[in-house]
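Okay, data00.cif is below, mmCIF, C-alpha atoms:
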data_query
loop_
_atom_site.label_atom_id
_atom_site.label_comp_id
_atom_site.auth_asym_id
_atom_site.auth_seq_id
_atom_site.Cartn_x
_atom_site.Cartn_y
_atom_site.Cartn_z
CA MET A 1 -12.61 31.44 8.35
CA SER A 2 -13.00 28.40 6.12
CA LEU A 3 -12.63 24.72 6.88
CA LEU A 4 -10.26 24.69 3.90
CA ASP A 5 -7.82 26.81 5.91
CA THR A 6 -8.01 25.15 9.30
CA GLY A 7 -7.79 21.42 8.73
CA PRO A 8 -6.09 19.39 11.48
CA GLU A 9 -3.76 17.41 9.21
CA THR A 10 -0.22 17.94 7.97
CA ILE A 11 0.91 16.23 4.77
CA THR A 12 4.34 16.13 3.14
CA LEU A 13 4.47 16.25 -0.66
CA ARG A 14 7.41 14.65 -2.46
CA PRO A 15 7.04 15.59 -6.13
CA SER A 16 8.44 13.72 -9.08
CA ILE A 17 11.45 15.41 -10.64
CA ARG A 18 11.87 16.21 -14.34
CA ASP A 19 15.14 14.62 -15.41
CA ILE A 20 17.04 13.67 -18.55
CA ASP A 21 17.76 10.00 -19.22
CA PRO A 22 21.08 8.71 -20.65
CA ASP A 23 19.68 9.06 -24.20
CA GLY A 24 18.89 12.76 -23.69
CA ASN A 25 15.10 12.33 -23.35
CA GLN A 26 13.15 14.22 -20.71
CA ARG A 27 11.35 12.00 -18.21
CA TRP A 28 9.84 12.08 -14.74
CA ARG A 29 11.69 10.22 -12.03
CA GLY A 30 10.52 9.42 -8.53
CA TRP A 31 11.54 11.44 -5.49
CA SER A 32 14.83 10.49 -3.83
CA PRO A 33 16.60 11.77 -0.68
CA GLY A 34 18.06 15.23 -1.26
CA ASP A 35 15.20 16.29 -3.56
CA PRO A 36 12.85 19.01 -2.27
CA GLU A 37 9.80 18.09 -0.23
CA TYR A 38 6.98 20.37 0.85
CA VAL A 39 5.07 20.34 4.13
CA VAL A 40 1.44 21.48 3.91
CA THR A 41 -0.43 22.27 7.13
CA GLY A 42 -4.16 22.86 7.48
CA ALA A 43 -5.10 19.94 5.24
CA GLN A 44 -8.30 17.94 5.60
CA VAL A 45 -8.04 14.18 4.90
CA GLU A 46 -11.15 12.02 4.59
CA PRO A 47 -11.53 8.29 3.80
CA VAL A 48 -12.89 7.48 0.37
CA GLU A 49 -13.18 3.72 -0.03
CA SER A 50 -11.52 0.34 0.28
CA ASN A 51 -11.31 -1.78 -2.84
CA ASN A 52 -11.35 -5.54 -2.53
CA GLU A 53 -9.52 -7.29 -5.33
CA ALA A 54 -9.14 -11.03 -5.68
CA VAL A 55 -5.54 -11.35 -6.85
CA ASN A 56 -3.82 -14.28 -5.18
CA GLY A 57 -6.19 -13.91 -2.28
CA LEU A 58 -7.76 -10.83 -0.80
CA ARG A 59 -6.05 -7.49 -1.22
CA ILE A 60 -7.45 -4.29 0.24
CA THR A 61 -6.46 -0.87 -1.10
CA HIS A 62 -7.16 2.02 1.27
CA SER A 63 -7.93 5.36 -0.35
CA VAL A 64 -8.29 8.83 1.13
CA ARG A 65 -8.91 12.27 -0.33
CA ALA A 66 -6.80 15.20 0.86
CA TYR A 67 -8.17 18.75 0.64
CA VAL A 68 -5.76 21.71 0.69
CA ARG A 69 -6.35 25.37 -0.04
CA ALA A 70 -3.51 25.52 -2.60
CA LEU A 71 -0.41 23.66 -3.70
CA PRO A 72 2.96 25.06 -2.61
CA THR A 73 4.61 27.50 -5.01
CA GLY A 74 6.56 25.67 -7.68
CA VAL A 75 4.69 22.36 -7.25
CA SER A 76 2.78 21.42 -10.40
CA GLY A 77 0.91 18.49 -8.93
CA GLU A 78 3.00 15.73 -10.47
CA PHE A 79 3.50 14.00 -7.12
CA CYS A 80 5.46 10.85 -6.62
CA GLU A 81 4.44 10.22 -3.04
CA VAL A 82 2.69 11.82 -0.09
CA LEU A 83 3.47 11.23 3.57
CA TRP A 84 0.52 11.32 5.96
CA ASP A 85 -0.41 9.56 9.17
CA GLY A 86 2.98 7.84 9.38
CA ARG A 87 2.43 6.09 6.04
CA THR A 88 3.42 6.62 2.42
CA TRP A 89 0.64 7.20 -0.11
CA ASP A 90 0.66 7.43 -3.91
CA THR A 91 -1.46 9.89 -5.83
CA ASP A 92 -4.11 8.46 -8.12
CA GLY A 93 -4.18 10.81 -11.09
CA ALA A 94 -3.48 14.51 -11.22
CA PRO A 95 -4.70 16.83 -8.45
CA LYS A 96 -8.10 18.42 -9.12
CA GLN A 97 -8.17 22.19 -8.81
CA TYR A 98 -11.43 23.99 -8.02
CA ARG A 99 -11.33 27.71 -8.88
CA ARG A 100 -14.90 28.96 -8.56
CA GLY A 101 -14.00 31.87 -6.30
CA HIS A 102 -11.66 32.77 -3.47
CA ALA A 103 -13.88 31.40 -0.71
CA THR A 104 -14.22 27.94 -2.23
CA ARG A 105 -11.05 27.48 -4.29
CA HIS A 106 -9.10 24.39 -3.25
CA VAL A 107 -7.15 21.37 -4.52
CA THR A 108 -7.98 17.71 -3.89
CA LEU A 109 -5.60 14.76 -4.09
CA LEU A 110 -6.81 11.16 -4.27
CA LEU A 111 -4.32 9.00 -2.36
CA ASN A 112 -3.86 5.23 -2.28
CA GLN A 113 -1.89 3.65 0.53
CA ARG A 114 1.40 2.22 -0.72
CA ARG A 115 1.99 -1.46 -0.03
#
Kindly return the structure encoded in the file as structure tokens.
Amino acid sequence: MSLLDTGPETITLRPSIRDIDPDGNQRWRGWSPGDPEYVVTGAQVEPVESNNEAVNGLRITHSVRAYVRALPTGVSGEFCEVLWDGRTWDTDGAPKQYRRGHATRHVTLLLNQRR
């Protein structure tokens, strides 16, 4: 049994939706109520860093990395938001997929706490 399968955390993924704008162009739009969301159990979430930025005072951005065995079927990784620990988080870049073998394959998501 792997730590990648038995993490203590549950995260909810709310992916962006491919849509067509009024001009007929394809675009990604953020998740809205009524769109599908996916609950992933067995995740591992670890703190990464806190960035201090001097923009009109002190601002702290909390970041964590979520480890999951695999993304739910039909989810490409274009996430709009992630719910974890009673807070809303935004993904920072595309999920990283590690595929070196069945025992170690997993996906990581870098998450920044939404303000």
Report task. Calculate how many Å separate CA of Asn25 in chain A from CA of Leu109 in chain A, rounding to one decimal. Result ->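 For CA of Asn25 in chain A relative to CA of Leu109 in chain A, the distance reads 28.4 Å.
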**Report entry** Using only C-alpha atoms: which of A:Asp23, A:Glu37, A:Asp5, A:Asp90 has the shortest distance to Arg105 in chain A
**Finding:**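 Closest candidate: A:Asp5.
Our summary of the geometry notes that CA of Arg65 in chain A is positioned 25.4 Å from CA of Arg18 in chain A.
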Report task. Using CA of Ala70 in chain A and CA of Ile11 in chain A as the two end points, give the distance in Å to one decimal. Result -> 12.7 Å
Query - Nearest-residue call for Arg69 in chain A, choices A:Ile20, A:Thr6, A:Val107, A:Trp31, using only C-alpha atoms - result: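 Of A:Ile20, A:Thr6, A:Val107, A:Trp31, the one nearest Arg69 in chain A, counting only C-alpha atoms, is A:Val107.
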Starting from the sparse input, extend range 70-96 of chain A to N, CA and C atoms and give the output as a short mmCIF file (atom, residue, chain, number, x, y, z; two decimals), in the coordinates of the input.
data_model
loop_
_atom_site.label_atom_id
_atom_site.label_comp_id
_atom_site.auth_asym_id
_atom_site.auth_seq_id
_atom_site.Cartn_x
_atom_site.Cartn_y
_atom_site.Cartn_z
N ALA A 70 -4.30 25.34 -1.38
CA ALA A 70 -3.51 25.52 -2.60
C ALA A 70 -2.25 24.67 -2.51
N LEU A 71 -1.68 24.37 -3.67
CA LEU A 71 -0.41 23.66 -3.70
C LEU A 71 0.73 24.63 -3.42
N PRO A 72 1.82 24.17 -2.84
CA PRO A 72 2.96 25.06 -2.61
C PRO A 72 3.47 25.66 -3.92
N THR A 73 4.05 26.84 -3.84
CA THR A 73 4.61 27.50 -5.01
C THR A 73 5.67 26.63 -5.65
N GLY A 74 5.58 26.46 -6.95
CA GLY A 74 6.56 25.67 -7.68
C GLY A 74 6.21 24.20 -7.80
N VAL A 75 5.11 23.76 -7.17
CA VAL A 75 4.69 22.36 -7.25
C VAL A 75 3.55 22.28 -8.27
N SER A 76 3.77 21.49 -9.32
CA SER A 76 2.78 21.42 -10.40
C SER A 76 1.68 20.41 -10.13
N GLY A 77 1.90 19.52 -9.21
CA GLY A 77 0.91 18.49 -8.93
C GLY A 77 1.33 17.12 -9.44
N GLU A 78 2.49 17.02 -10.01
CA GLU A 78 3.00 15.73 -10.47
C GLU A 78 3.70 15.06 -9.29
N PHE A 79 2.93 14.54 -8.35
CA PHE A 79 3.50 14.00 -7.12
C PHE A 79 3.93 12.56 -7.29
N CYS A 80 5.00 12.23 -6.64
CA CYS A 80 5.46 10.85 -6.62
C CYS A 80 4.89 10.15 -5.40
N GLU A 81 4.97 10.82 -4.27
CA GLU A 81 4.44 10.22 -3.04
C GLU A 81 4.04 11.31 -2.06
N VAL A 82 3.18 10.92 -1.14
CA VAL A 82 2.69 11.82 -0.09
C VAL A 82 2.85 11.09 1.24
N LEU A 83 3.37 11.79 2.23
CA LEU A 83 3.47 11.23 3.57
C LEU A 83 2.36 11.81 4.42
N TRP A 84 1.60 10.90 5.07
CA TRP A 84 0.52 11.32 5.96
C TRP A 84 0.23 10.18 6.93
N ASP A 85 -0.01 10.52 8.15
CA ASP A 85 -0.41 9.56 9.17
C ASP A 85 0.64 8.45 9.35
N GLY A 86 1.91 8.81 9.20
CA GLY A 86 2.98 7.84 9.38
C GLY A 86 3.11 6.82 8.27
N ARG A 87 2.40 7.03 7.17
CA ARG A 87 2.43 6.09 6.04
C ARG A 87 2.73 6.82 4.75
N THR A 88 3.15 6.06 3.74
CA THR A 88 3.42 6.62 2.42
C THR A 88 2.24 6.30 1.50
N TRP A 89 1.79 7.31 0.79
CA TRP A 89 0.64 7.20 -0.11
C TRP A 89 1.06 7.62 -1.51
N ASP A 90 0.44 7.05 -2.53
CA ASP A 90 0.66 7.43 -3.91
C ASP A 90 -0.56 8.16 -4.43
N THR A 91 -0.32 9.19 -5.25
CA THR A 91 -1.46 9.89 -5.83
C THR A 91 -2.08 9.05 -6.94
N ASP A 92 -3.37 9.17 -7.09
CA ASP A 92 -4.11 8.46 -8.12
C ASP A 92 -4.61 9.52 -9.10
N GLY A 93 -3.83 9.78 -10.12
CA GLY A 93 -4.18 10.81 -11.09
C GLY A 93 -3.67 12.17 -10.66
N ALA A 94 -3.92 13.14 -11.49
CA ALA A 94 -3.48 14.51 -11.22
C ALA A 94 -4.39 15.16 -10.18
N PRO A 95 -3.86 16.10 -9.41
CA PRO A 95 -4.70 16.83 -8.45
C PRO A 95 -5.81 17.58 -9.19
N LYS A 96 -6.98 17.68 -8.55
CA LYS A 96 -8.10 18.42 -9.12
C LYS A 96 -8.13 19.80 -8.47
#
